[in-house]
Amino acid sequence: MSNDTIKQILKKTESIGNEISVDGWVRTKRDTKEIAFVALNDGSCMNNLQVIADKSEISEDILHRLTTGASCSVTGTLVESPAKGQAVELQASAIEVLGDCPSDYPLQKKRHSFEFLREMGHLRARTNTFGAVARVRNALTMAVHNFFQENEFFNVHTPLITASDTEGAGEMFQVTTLPFETFDSSKGIDYSRDFFGKKASLTVSGQLSAETYATALGRVYTFGPTFRAENSNTSRHLAEFWMIEPEMSFCDINGDMDLAEDFLKYVLNFVLENCAEDMEFFNKFVQKGIIDDLKAVINSDFTRISYTKAIEQLEASGREFEFPVSWGIDLASEHEKYLTEEVYKGPVIITDYPKDIKAFYMKLNEDGKTVRAMDVLVPRLGEIIGGSERENRHDVLLKRIEEMGLEAEDYWWYLDLRKFGTVPHAGFGLGFERLVQYTTGMANIRDVIPYARSAKNCEF
RNA sequence: UCCCCUGUAGCUCAGUCGGUAGAGCGGGUGGCUGUUAACCACCAUGUCAGCAGUUCGAGUCUGUUCGGGGGAGCCA
């Protein structure tokens with residue numbers, strides 16, 4: 001923690017003329033007869049610090065070892081740069097090589113494909129793109145907490161291991177200490193001998209637990225890892241991902257939509273303000289025009305339409321969809337894309353879905369056919385947020401549980417929330433990696449989390 | 001899980017009608033220039049993903065296994 005980071009050095013022009021020391025990794029070196037130009041990066045920001053290594057000051061041996069990827073500590077004088085391309089540069093008086101980098105270093109000073117870099121999970125953060133993703137991801141994490149804390153939400157740590165396999169959001173990973181080397185399938189499984197004395201799994205959602213705290217603290221949110229054992233092989237799914245789930249008491253579906261809209265605008269704005277350089281990079285090299293897109297979202301009013309209206313629009317479009325449109329179907333990607341990218345050209349919130357295609361806990365409308373669900377759809381990605389007002393009537397919830405073929409006794413504590421001082425409440429869920437994807441324009445979700453876990457993929 | 005595409009040097013790719021391997025970048029060496037993905041010259045580098053088959057002969061054709069990508073479904 002002794003030396004300034006390159007980010008600090010590049011910002012503080014008043015230190016021109018001072019003797020400073022900097023640590024970092026060599027990105028590139030350009031040799032001339034008298035001088036070598038070394039682009040030094042320390043991860044603190046996108047930009048490199050140009051180090052001037054005069055061959056009269058720095059030995060040939062040291063210069064020879066400053067290969068791409070090598071780490072070093074440079075001492076010298078910060079001076080105004082006489083050439084274009086950078087405002088300041090470091091005139092080196094001494095360079096210490098901390099770690100050599102032999103020529104079989106896989107990251108060359110050229111662009112690599114994301115596919116190749118995925119095989120280099122332990123090194124890819126040293127590239128411009130993945131460094132920027134990591135910094136933006138960090139900023140988004142900050143923004144999420146700031147937003148909820150400023151709005152008086154309490155962060156709740158919901159359990160990662162759960163014994164209720166009834167959360168109903170997808171296939172679960174089982175957690176067990178039973179020795180399956182000696183497992184005899186003909187005898188069945190005696191879970192009473194397992195660690196928890198019953199079948200346990202990794203959580204697929206913190207929502208039900210969050211609801212219990214919302215009905216005590218008012219406004220809460222979770223922000224933690226979630227696990228789904230789905231065999232889905234797409235650029236939008238992970239087996240391990242981070243989810244944000246706010247839950248509010250004394251709130252209906254309209255308040256829920258307001259929160260979702262405010263939330264998205266807040267975090268996007270936070271990143272544009274705090275990661276300007278990284279966002280410029282994405283704007284230029286990853287997704288052209290993304291900064292203007294995000295600004296447009298921040299300054300727009302999200303369109304809010306009912307499911308029934310959306311179906312009418314799709315039917316009236318005259319479009320040949322692969323999946324035919326009729327009231328009662330779940331919207332497919334092509335339908336969502338049409339609505340967000342072609343009709344409204346921006347975020348769209350769709351509400352009041354048919355009860356049969358949504359979860360049991362969503363509040364039933366007076367029509368008896370639809371529930372107070374709301375999905376936020378955005379261009380490029382589709383559904384980014386899914387939420388609802390929760391069913392707060394004990395008798396209706398019980399009936400819905402039975403209708404869906406679920407066991408009421410599995411939900412005894414969840415039903416208790418409606419038995420004892422029930423309140424209207426609502427919330428939503430948001431996959432954090434999808435938010436990072438949407439913000440950076442990165443096309444594949446495996447490139448916005450440090451180490452992606454998906455079917456048949458658990459490297460590093 | 002389904003459909004489509006794909007696997008050749010460290011990377012990105014070309015390789016025609018089946019005749020025994022090529023470019024750019026990267027690396028090494030030398031030169032040159034306050035350079036900016038520097039430039040110029042020279043040099044080195046391959047289990048053509050694996051296995052099996054057809055053929056006088058397979059990077060090329062066939063089968064199969066594995067890996068990667070895109071789309072779909074499921075979803076966040």
# chains A, B, ... in the order shown; residues from 1 in each chain; ligands from 1

call {"tool": "closest_atom_pairs", "arguments": {"of": "chain B", "to": "chain A", "cutoff": "8 Å", "atoms": "only C-alpha atoms (C1' of nucleotides)", "output": "JSON lines"}}
result
{"residue": "B:U1", "atom": "C1'", "partner": "A:Asn231", "partner_atom": "CA", "distance": 7.4}
{"residue": "B:G10", "atom": "C1'", "partner": "A:Pro106", "partner_atom": "CA", "distance": 6.7}
{"residue": "B:C11", "atom": "C1'", "partner": "A:His112", "partner_atom": "CA", "distance": 6.7}
{"residue": "B:U12", "atom": "C1'", "partner": "A:His112", "partner_atom": "CA", "distance": 7.9}
{"residue": "B:C25", "atom": "C1'", "partner": "A:Lys110", "partner_atom": "CA", "distance": 7.3}
{"residue": "B:G26", "atom": "C1'", "partner": "A:Gln108", "partner_atom": "CA", "distance": 6.1}
{"residue": "B:G27", "atom": "C1'", "partner": "A:Ser103", "partner_atom": "CA", "distance": 6.5}
{"residue": "B:C32", "atom": "C1'", "partner": "A:Thr32", "partner_atom": "CA", "distance": 7.6}
{"residue": "B:U33", "atom": "C1'", "partner": "A:Thr32", "partner_atom": "CA", "distance": 6.8}
{"residue": "B:G34", "atom": "C1'", "partner": "A:Ala83", "partner_atom": "CA", "distance": 6.4}
{"residue": "B:U35", "atom": "C1'", "partner": "A:Arg30", "partner_atom": "CA", "distance": 6.2}
{"residue": "B:U36", "atom": "C1'", "partner": "A:Gly85", "partner_atom": "CA", "distance": 6.5}
{"residue": "B:A37", "atom": "C1'", "partner": "A:Lys110", "partner_atom": "CA", "distance": 6.4}
{"residue": "B:A38", "atom": "C1'", "partner": "A:Arg30", "partner_atom": "CA", "distance": 7.1}
{"residue": "B:G68", "atom": "C1'", "partner": "A:Glu115", "partner_atom": "CA", "distance": 7.4}
{"residue": "B:C74", "atom": "C1'", "partner": "A:Ser232", "partner_atom": "CA", "distance": 7.1}
{"residue": "B:C75", "atom": "C1'", "partner": "A:Gly170", "partner_atom": "CA", "distance": 7.9}
{"residue": "B:A76", "atom": "C1'", "partner": "A:Gly431", "partner_atom": "CA", "distance": 4.4}

call {"tool": "write_last_selection", "arguments": {"atoms": "N, CA and C atoms (P, O5', C5', C4', C3', O3' and C1' of nucleotides)", "output": "compact mmCIF listing (two decimals), in the first residue's frame"}}
result
# COMPACT_ATOMS: atom_id res chain seq x y z
P U B 1 -27.22 -33.72 -22.43
O5' U B 1 -28.59 -33.36 -23.17
C5' U B 1 -29.69 -34.24 -23.14
C4' U B 1 -30.86 -33.58 -23.81
C3' U B 1 -30.63 -33.14 -25.25
O3' U B 1 -30.81 -34.21 -26.16
C1' U B 1 -31.67 -31.37 -24.04
P G B 10 2.06 -24.20 -31.41
O5' G B 10 1.46 -23.01 -30.56
C5' G B 10 1.26 -23.15 -29.15
C4' G B 10 0.97 -21.79 -28.57
C3' G B 10 -0.15 -21.03 -29.28
O3' G B 10 -1.40 -21.32 -28.69
C1' G B 10 1.79 -19.68 -29.18
P C B 11 -2.70 -21.48 -29.60
O5' C B 11 -3.07 -19.98 -29.98
C5' C B 11 -3.53 -19.08 -28.98
C4' C B 11 -3.74 -17.71 -29.59
C3' C B 11 -4.70 -17.68 -30.79
O3' C B 11 -6.03 -17.56 -30.37
C1' C B 11 -2.71 -16.53 -31.34
P U B 12 -7.20 -18.17 -31.27
O5' U B 12 -7.17 -17.24 -32.57
C5' U B 12 -7.68 -15.91 -32.51
C4' U B 12 -7.61 -15.28 -33.88
C3' U B 12 -8.20 -16.13 -35.01
O3' U B 12 -9.62 -16.02 -35.06
C1' U B 12 -6.11 -15.28 -35.68
P C B 25 3.31 -9.15 -39.54
O5' C B 25 2.69 -9.46 -38.10
C5' C B 25 1.74 -8.58 -37.51
C4' C B 25 1.07 -9.24 -36.33
C3' C B 25 1.98 -9.62 -35.16
O3' C B 25 2.29 -8.52 -34.32
C1' C B 25 0.55 -11.42 -35.65
P G B 26 3.74 -8.41 -33.65
O5' G B 26 3.76 -9.68 -32.68
C5' G B 26 3.01 -9.68 -31.48
C4' G B 26 3.14 -11.02 -30.79
C3' G B 26 4.56 -11.44 -30.46
O3' G B 26 5.03 -10.85 -29.26
C1' G B 26 3.45 -13.24 -31.48
P G B 27 6.57 -10.47 -29.12
O5' G B 27 7.30 -11.88 -29.19
C5' G B 27 7.18 -12.82 -28.11
C4' G B 27 8.06 -14.02 -28.37
C3' G B 27 9.51 -13.70 -28.69
O3' G B 27 10.27 -13.45 -27.53
C1' G B 27 8.70 -15.28 -30.24
P C B 32 21.58 1.06 -36.18
O5' C B 32 20.23 1.80 -36.55
C5' C B 32 19.99 2.29 -37.88
C4' C B 32 18.55 2.72 -38.01
C3' C B 32 18.04 3.65 -36.91
O3' C B 32 18.39 5.00 -37.16
C1' C B 32 16.50 1.90 -37.20
P U B 33 18.63 5.95 -35.88
O5' U B 33 17.18 6.46 -35.53
C5' U B 33 16.46 7.30 -36.46
C4' U B 33 14.99 7.29 -36.12
C3' U B 33 14.63 7.64 -34.67
O3' U B 33 14.66 9.03 -34.39
C1' U B 33 13.42 5.75 -35.34
P G B 34 14.73 9.48 -32.83
O5' G B 34 13.29 9.06 -32.31
C5' G B 34 12.96 9.22 -30.95
C4' G B 34 11.49 8.96 -30.75
C3' G B 34 10.56 10.06 -31.26
O3' G B 34 9.23 9.52 -31.39
C1' G B 34 10.51 10.04 -28.92
P U B 35 8.55 9.23 -32.83
O5' U B 35 8.00 7.77 -32.59
C5' U B 35 8.79 6.63 -32.93
C4' U B 35 8.44 5.49 -32.03
C3' U B 35 6.95 5.23 -31.88
O3' U B 35 6.46 4.44 -32.95
C1' U B 35 7.97 5.19 -29.75
P U B 36 4.93 4.58 -33.37
O5' U B 36 4.13 4.10 -32.08
C5' U B 36 3.45 2.87 -32.04
C4' U B 36 2.60 2.85 -30.80
C3' U B 36 1.15 3.28 -31.04
O3' U B 36 0.29 2.44 -30.30
C1' U B 36 2.12 4.58 -29.31
P A B 37 -1.19 2.19 -30.83
O5' A B 37 -1.42 0.63 -30.64
C5' A B 37 -0.92 -0.04 -29.48
C4' A B 37 -0.39 -1.39 -29.88
C3' A B 37 0.70 -1.35 -30.95
O3' A B 37 1.62 -2.41 -30.73
C1' A B 37 -1.13 -2.58 -31.76
P A B 38 3.01 -1.97 -30.13
O5' A B 38 3.54 -0.95 -31.25
C5' A B 38 4.16 -1.47 -32.41
C4' A B 38 4.34 -0.35 -33.39
C3' A B 38 4.99 -0.74 -34.71
O3' A B 38 4.03 -1.28 -35.62
C1' A B 38 6.05 1.17 -33.86
P G B 68 -16.03 -27.16 -24.05
O5' G B 68 -15.86 -26.13 -25.26
C5' G B 68 -14.77 -25.23 -25.29
C4' G B 68 -14.78 -24.44 -26.57
C3' G B 68 -16.07 -23.68 -26.86
O3' G B 68 -16.19 -22.47 -26.13
C1' G B 68 -15.38 -24.80 -28.81
P C B 74 -39.59 -22.14 -22.56
O5' C B 74 -38.75 -22.58 -21.28
C5' C B 74 -39.02 -23.81 -20.63
C4' C B 74 -37.98 -24.07 -19.58
C3' C B 74 -37.79 -22.96 -18.56
O3' C B 74 -38.74 -23.04 -17.50
C1' C B 74 -35.68 -23.67 -19.37
P C B 75 -39.53 -21.69 -17.05
O5' C B 75 -38.38 -20.63 -16.79
C5' C B 75 -38.10 -20.17 -15.48
C4' C B 75 -36.62 -20.01 -15.31
C3' C B 75 -36.17 -18.62 -14.89
O3' C B 75 -36.23 -18.47 -13.49
C1' C B 75 -34.86 -19.36 -16.72
P A B 76 -36.64 -17.01 -12.86
O5' A B 76 -35.33 -16.12 -12.91
C5' A B 76 -35.24 -14.99 -12.06
C4' A B 76 -34.12 -14.09 -12.51
C3' A B 76 -34.25 -13.60 -13.95
O3' A B 76 -33.72 -12.31 -14.08
C1' A B 76 -32.24 -14.81 -13.71

call {"tool": "closest_residue", "arguments": {"among": "B:G31, B:U8, B:G15, B:G70", "to": "U47 of chain B", "atoms": "only C-alpha atoms (C1' of nucleotides)"}}
result
B:U8

call {"tool": "select_by_dssp", "arguments": {"residues": "segment 133-256 of chain A", "states": "helix (DSSP H, G or I)", "output": "ChimeraX atom specification"}}
result
/A:133-150,180-182,185-187,191-193,207-217,253-256

call {"tool": "select_by_dssp", "arguments": {"residues": "segment 183-319 of chain A", "states": "strand (DSSP E)", "output": "list in words"}}
result
Ala200, Ser201, Leu202, Arg219, Val220, Tyr221, Thr222, Phe223, Gly224, Pro225, Thr226, Phe227, Glu240, Phe241, Trp242, Met243, Ile244, Glu245, Pro246, Glu247, Met248, Ser249, Thr303, Arg304, Ile305 and Ser306 of chain A

call {"tool": "write_last_selection", "arguments": {"atoms": "N, CA, C and O atoms", "output": "short mmCIF file (atom, residue, chain, number, x, y, z; two decimals), in the first residue's frame"}}
result
data_model
loop_
_atom_site.label_atom_id
_atom_site.label_comp_id
_atom_site.auth_asym_id
_atom_site.auth_seq_id
_atom_site.Cartn_x
_atom_site.Cartn_y
_atom_site.Cartn_z
N ALA A 200 -30.83 -32.10 1.52
CA ALA A 200 -30.48 -30.67 1.49
C ALA A 200 -29.90 -30.31 0.13
O ALA A 200 -29.34 -31.16 -0.57
N SER A 201 -30.04 -29.03 -0.22
CA SER A 201 -29.59 -28.57 -1.53
C SER A 201 -29.02 -27.17 -1.43
O SER A 201 -29.19 -26.48 -0.42
N LEU A 202 -28.36 -26.76 -2.52
CA LEU A 202 -27.94 -25.36 -2.62
C LEU A 202 -29.15 -24.53 -3.07
O LEU A 202 -29.96 -24.98 -3.87
N ARG A 219 -38.28 -3.25 4.58
CA ARG A 219 -37.61 -3.32 3.28
C ARG A 219 -36.28 -4.05 3.43
O ARG A 219 -35.44 -3.63 4.24
N VAL A 220 -36.12 -5.09 2.67
CA VAL A 220 -34.87 -5.85 2.72
C VAL A 220 -34.41 -6.19 1.31
O VAL A 220 -35.18 -6.07 0.35
N TYR A 221 -33.15 -6.60 1.20
CA TYR A 221 -32.68 -7.13 -0.07
C TYR A 221 -31.61 -8.16 0.19
O TYR A 221 -30.89 -8.10 1.19
N THR A 222 -31.54 -9.12 -0.72
CA THR A 222 -30.46 -10.09 -0.69
C THR A 222 -29.55 -9.80 -1.87
O THR A 222 -29.97 -9.24 -2.87
N PHE A 223 -28.31 -10.17 -1.73
CA PHE A 223 -27.37 -10.06 -2.85
C PHE A 223 -26.32 -11.15 -2.64
O PHE A 223 -25.36 -10.95 -1.92
N GLY A 224 -26.57 -12.29 -3.22
CA GLY A 224 -25.66 -13.39 -2.96
C GLY A 224 -25.73 -14.45 -4.03
O GLY A 224 -26.48 -14.34 -5.00
N PRO A 225 -24.89 -15.48 -3.89
CA PRO A 225 -24.83 -16.53 -4.90
C PRO A 225 -26.05 -17.44 -4.89
O PRO A 225 -26.68 -17.62 -3.86
N THR A 226 -26.34 -17.97 -6.03
CA THR A 226 -27.50 -18.82 -6.27
C THR A 226 -27.06 -19.92 -7.22
O THR A 226 -26.16 -19.71 -8.02
N PHE A 227 -27.69 -21.07 -7.10
CA PHE A 227 -27.21 -22.24 -7.86
C PHE A 227 -28.35 -22.92 -8.58
O PHE A 227 -29.40 -23.17 -8.00
N GLU A 240 -23.84 -21.18 -11.38
CA GLU A 240 -23.62 -20.40 -10.16
C GLU A 240 -23.64 -18.93 -10.54
O GLU A 240 -22.82 -18.51 -11.36
N PHE A 241 -24.58 -18.21 -10.01
CA PHE A 241 -24.65 -16.79 -10.34
C PHE A 241 -25.10 -16.00 -9.13
O PHE A 241 -25.55 -16.56 -8.14
N TRP A 242 -24.95 -14.69 -9.21
CA TRP A 242 -25.29 -13.82 -8.07
C TRP A 242 -26.62 -13.17 -8.34
O TRP A 242 -26.87 -12.67 -9.44
N MET A 243 -27.46 -13.17 -7.33
CA MET A 243 -28.80 -12.64 -7.54
C MET A 243 -29.11 -11.55 -6.52
O MET A 243 -28.69 -11.63 -5.36
N ILE A 244 -29.85 -10.58 -6.98
CA ILE A 244 -30.29 -9.46 -6.14
C ILE A 244 -31.80 -9.58 -6.00
O ILE A 244 -32.50 -9.65 -7.01
N GLU A 245 -32.28 -9.63 -4.77
CA GLU A 245 -33.72 -9.80 -4.56
C GLU A 245 -34.23 -8.85 -3.47
O GLU A 245 -34.16 -9.17 -2.29
N PRO A 246 -34.76 -7.70 -3.86
CA PRO A 246 -35.38 -6.82 -2.89
C PRO A 246 -36.80 -7.31 -2.56
O PRO A 246 -37.45 -7.95 -3.40
N GLU A 247 -37.23 -7.04 -1.37
CA GLU A 247 -38.58 -7.41 -0.95
C GLU A 247 -39.10 -6.31 -0.04
O GLU A 247 -38.40 -5.90 0.87
N MET A 248 -40.31 -5.82 -0.34
CA MET A 248 -40.85 -4.67 0.40
C MET A 248 -42.22 -4.97 0.97
O MET A 248 -43.12 -5.36 0.22
N SER A 249 -42.38 -4.74 2.25
CA SER A 249 -43.72 -4.80 2.83
C SER A 249 -44.45 -3.50 2.51
O SER A 249 -43.82 -2.48 2.21
N THR A 303 -41.80 1.76 -20.60
CA THR A 303 -43.16 1.46 -21.04
C THR A 303 -43.75 0.37 -20.16
O THR A 303 -43.08 -0.62 -19.86
N ARG A 304 -45.00 0.56 -19.73
CA ARG A 304 -45.64 -0.47 -18.92
C ARG A 304 -46.91 -0.93 -19.63
O ARG A 304 -47.81 -0.13 -19.86
N ILE A 305 -46.94 -2.22 -19.99
CA ILE A 305 -48.13 -2.74 -20.64
C ILE A 305 -48.51 -4.07 -20.01
O ILE A 305 -47.67 -4.76 -19.45
N SER A 306 -49.77 -4.41 -20.13
CA SER A 306 -50.21 -5.69 -19.59
C SER A 306 -49.84 -6.81 -20.56
O SER A 306 -49.66 -6.58 -21.76
#

call {"tool": "atom_distance", "arguments": {"atom1": "atom CA of Thr440 of chain A", "atom2": "atom CA of Val133 of chain A"}}
result
7.2 Å

call {"tool": "atom_distance", "arguments": {"atom1": "atom CA of Gly387 of chain A", "atom2": "atom CA of Phe282 of chain A"}}
result
29.4 Å

call {"tool": "residues_around", "arguments": {"residues": "Ser317 of chain A", "least_positions_apart": "5", "cutoff": "10 Å", "atoms": "only C-alpha atoms (C1' of nucleotides)", "output": "ChimeraX atom specification"}}
result
/A:311-312,338,343

call {"tool": "write_last_selection", "arguments": {"atoms": "N, CA and C atoms", "output": "short mmCIF file (atom, residue, chain, number, x, y, z; two decimals), in the first residue's frame"}}
result
data_model
loop_
_atom_site.label_atom_id
_atom_site.label_comp_id
_atom_site.auth_asym_id
_atom_site.auth_seq_id
_atom_site.Cartn_x
_atom_site.Cartn_y
_atom_site.Cartn_z
N ILE A 311 -49.88 -9.38 -25.94
CA ILE A 311 -50.34 -10.44 -26.84
C ILE A 311 -51.09 -9.84 -28.02
N GLU A 312 -51.93 -8.85 -27.73
CA GLU A 312 -52.69 -8.19 -28.81
C GLU A 312 -51.74 -7.55 -29.83
N TYR A 338 -39.03 -8.62 -30.18
CA TYR A 338 -39.87 -7.79 -31.04
C TYR A 338 -40.41 -6.59 -30.26
N VAL A 343 -40.82 -2.53 -31.35
CA VAL A 343 -41.99 -1.71 -31.05
C VAL A 343 -41.62 -0.53 -30.16
#

call {"tool": "residues_around", "arguments": {"residues": "Gly17 of chain A", "least_positions_apart": "5", "cutoff": "9 Å", "atoms": "only C-alpha atoms (C1' of nucleotides)", "output": "PyMOL selection string"}}
result
chain A and resi 77-80

call {"tool": "write_last_selection", "arguments": {"atoms": "N, CA and C atoms", "output": "PDB file, in the first residue's frame"}}
result
ATOM      1  N   THR A  77      11.366  10.020 -12.233  1.00  0.00           N
ATOM      2  CA  THR A  77      10.772  11.339 -12.147  1.00  0.00           C
ATOM      3  C   THR A  77       9.575  11.428 -13.088  1.00  0.00           C
ATOM      4  N   LEU A  78       8.464  11.899 -12.566  1.00  0.00           N
ATOM      5  CA  LEU A  78       7.284  12.075 -13.395  1.00  0.00           C
ATOM      6  C   LEU A  78       7.458  13.362 -14.200  1.00  0.00           C
ATOM      7  N   VAL A  79       7.387  13.250 -15.513  1.00  0.00           N
ATOM      8  CA  VAL A  79       7.613  14.432 -16.350  1.00  0.00           C
ATOM      9  C   VAL A  79       6.476  14.583 -17.363  1.00  0.00           C
ATOM     10  N   GLU A  80       6.352  15.781 -17.881  1.00  0.00           N
ATOM     11  CA  GLU A  80       5.402  16.005 -18.959  1.00  0.00           C
ATOM     12  C   GLU A  80       5.903  15.283 -20.200  1.00  0.00           C
TER      13      GLU A  80
END

call {"tool": "closest_residue", "arguments": {"among": "A:Phe147, A:Trp327, A:Trp25, A:Phe154", "to": "Leu98 of chain A", "atoms": "only C-alpha atoms"}}
result
A:Trp25

call {"tool": "atom_distance", "arguments": {"atom1": "atom CA of Met172 of chain A", "atom2": "atom CA of Trp413 of chain A"}}
result
20.7 Å

call {"tool": "residues_around", "arguments": {"residues": "Trp412 of chain A", "least_positions_apart": "6", "cutoff": "12 Å", "atoms": "only C-alpha atoms (C1' of nucleotides)", "output": "PyMOL selection string"}}
result
chain A and resi 164+166+208+394+397-398+401+406+418-419

call {"tool": "residues_around", "arguments": {"residues": "Glu342 of chain A", "least_positions_apart": "3", "cutoff": "12 Å", "atoms": "only C-alpha atoms (C1' of nucleotides)", "output": "PyMOL selection string"}}
result
chain A and resi 313-314+317+319+334-339+345-348+378-380

call {"tool": "write_last_selection", "arguments": {"atoms": "N, CA, C and O atoms", "output": "PDB file, in the first residue's frame"}}
result
ATOM      1  N   GLN A 313     -50.694  -6.913 -29.309  1.00  0.00           N
ATOM      2  CA  GLN A 313     -49.739  -6.256 -30.215  1.00  0.00           C
ATOM      3  C   GLN A 313     -48.978  -7.257 -31.065  1.00  0.00           C
ATOM      4  O   GLN A 313     -48.707  -7.015 -32.241  1.00  0.00           O
ATOM      5  N   LEU A 314     -48.628  -8.375 -30.441  1.00  0.00           N
ATOM      6  CA  LEU A 314     -47.904  -9.410 -31.183  1.00  0.00           C
ATOM      7  C   LEU A 314     -48.806 -10.011 -32.263  1.00  0.00           C
ATOM      8  O   LEU A 314     -48.374 -10.249 -33.392  1.00  0.00           O
ATOM      9  N   SER A 317     -49.184  -7.700 -35.196  1.00  0.00           N
ATOM     10  CA  SER A 317     -47.944  -7.292 -35.853  1.00  0.00           C
ATOM     11  C   SER A 317     -47.852  -7.798 -37.284  1.00  0.00           C
ATOM     12  O   SER A 317     -47.098  -7.265 -38.082  1.00  0.00           O
ATOM     13  N   ARG A 319     -46.501 -10.433 -38.028  1.00  0.00           N
ATOM     14  CA  ARG A 319     -45.210 -11.108 -38.040  1.00  0.00           C
ATOM     15  C   ARG A 319     -45.400 -12.629 -37.993  1.00  0.00           C
ATOM     16  O   ARG A 319     -46.298 -13.125 -37.337  1.00  0.00           O
ATOM     17  N   GLU A 334     -38.134 -14.443 -29.079  1.00  0.00           N
ATOM     18  CA  GLU A 334     -38.461 -13.682 -30.293  1.00  0.00           C
ATOM     19  C   GLU A 334     -39.576 -12.668 -30.030  1.00  0.00           C
ATOM     20  O   GLU A 334     -39.565 -11.579 -30.592  1.00  0.00           O
ATOM     21  N   HIS A 335     -40.511 -13.018 -29.150  1.00  0.00           N
ATOM     22  CA  HIS A 335     -41.595 -12.089 -28.826  1.00  0.00           C
ATOM     23  C   HIS A 335     -41.064 -10.916 -28.002  1.00  0.00           C
ATOM     24  O   HIS A 335     -41.390  -9.759 -28.261  1.00  0.00           O
ATOM     25  N   GLU A 336     -40.228 -11.249 -27.018  1.00  0.00           N
ATOM     26  CA  GLU A 336     -39.661 -10.189 -26.173  1.00  0.00           C
ATOM     27  C   GLU A 336     -38.790  -9.252 -27.010  1.00  0.00           C
ATOM     28  O   GLU A 336     -38.843  -8.029 -26.851  1.00  0.00           O
ATOM     29  N   LYS A 337     -38.003  -9.843 -27.906  1.00  0.00           N
ATOM     30  CA  LYS A 337     -37.129  -9.031 -28.758  1.00  0.00           C
ATOM     31  C   LYS A 337     -37.951  -8.081 -29.627  1.00  0.00           C
ATOM     32  O   LYS A 337     -37.611  -6.908 -29.782  1.00  0.00           O
ATOM     33  N   TYR A 338     -39.034  -8.616 -30.180  1.00  0.00           N
ATOM     34  CA  TYR A 338     -39.873  -7.791 -31.042  1.00  0.00           C
ATOM     35  C   TYR A 338     -40.413  -6.590 -30.262  1.00  0.00           C
ATOM     36  O   TYR A 338     -40.358  -5.450 -30.740  1.00  0.00           O
ATOM     37  N   LEU A 339     -40.883  -6.841 -29.056  1.00  0.00           N
ATOM     38  CA  LEU A 339     -41.482  -5.768 -28.267  1.00  0.00           C
ATOM     39  C   LEU A 339     -40.447  -4.726 -27.838  1.00  0.00           C
ATOM     40  O   LEU A 339     -40.669  -3.517 -27.976  1.00  0.00           O
ATOM     41  N   LYS A 345     -38.441   0.010 -28.610  1.00  0.00           N
ATOM     42  CA  LYS A 345     -37.031   0.439 -28.699  1.00  0.00           C
ATOM     43  C   LYS A 345     -36.483   0.917 -27.358  1.00  0.00           C
ATOM     44  O   LYS A 345     -35.816   1.950 -27.266  1.00  0.00           O
ATOM     45  N   GLY A 346     -36.771   0.131 -26.326  1.00  0.00           N
ATOM     46  CA  GLY A 346     -36.288   0.470 -24.992  1.00  0.00           C
ATOM     47  C   GLY A 346     -36.895  -0.482 -23.989  1.00  0.00           C
ATOM     48  O   GLY A 346     -37.596  -1.431 -24.367  1.00  0.00           O
ATOM     49  N   PRO A 347     -36.649  -0.251 -22.697  1.00  0.00           N
ATOM     50  CA  PRO A 347     -37.175  -1.153 -21.671  1.00  0.00           C
ATOM     51  C   PRO A 347     -38.704  -1.169 -21.649  1.00  0.00           C
ATOM     52  O   PRO A 347     -39.351  -0.140 -21.826  1.00  0.00           O
ATOM     53  N   VAL A 348     -39.239  -2.340 -21.461  1.00  0.00           N
ATOM     54  CA  VAL A 348     -40.681  -2.533 -21.381  1.00  0.00           C
ATOM     55  C   VAL A 348     -40.988  -3.380 -20.149  1.00  0.00           C
ATOM     56  O   VAL A 348     -40.308  -4.385 -19.910  1.00  0.00           O
ATOM     57  N   VAL A 378     -35.459  -5.805 -21.656  1.00  0.00           N
ATOM     58  CA  VAL A 378     -34.608  -4.785 -22.266  1.00  0.00           C
ATOM     59  C   VAL A 378     -34.086  -5.307 -23.605  1.00  0.00           C
ATOM     60  O   VAL A 378     -33.965  -6.510 -23.797  1.00  0.00           O
ATOM     61  N   PRO A 379     -33.788  -4.368 -24.507  1.00  0.00           N
ATOM     62  CA  PRO A 379     -33.193  -4.776 -25.777  1.00  0.00           C
ATOM     63  C   PRO A 379     -31.876  -5.519 -25.544  1.00  0.00           C
ATOM     64  O   PRO A 379     -31.221  -5.304 -24.532  1.00  0.00           O
ATOM     65  N   ARG A 380     -31.475  -6.358 -26.474  1.00  0.00           N
ATOM     66  CA  ARG A 380     -30.232  -7.140 -26.452  1.00  0.00           C
ATOM     67  C   ARG A 380     -30.314  -8.357 -25.548  1.00  0.00           C
ATOM     68  O   ARG A 380     -29.691  -9.358 -25.830  1.00  0.00           O
TER      69      ARG A 380
END
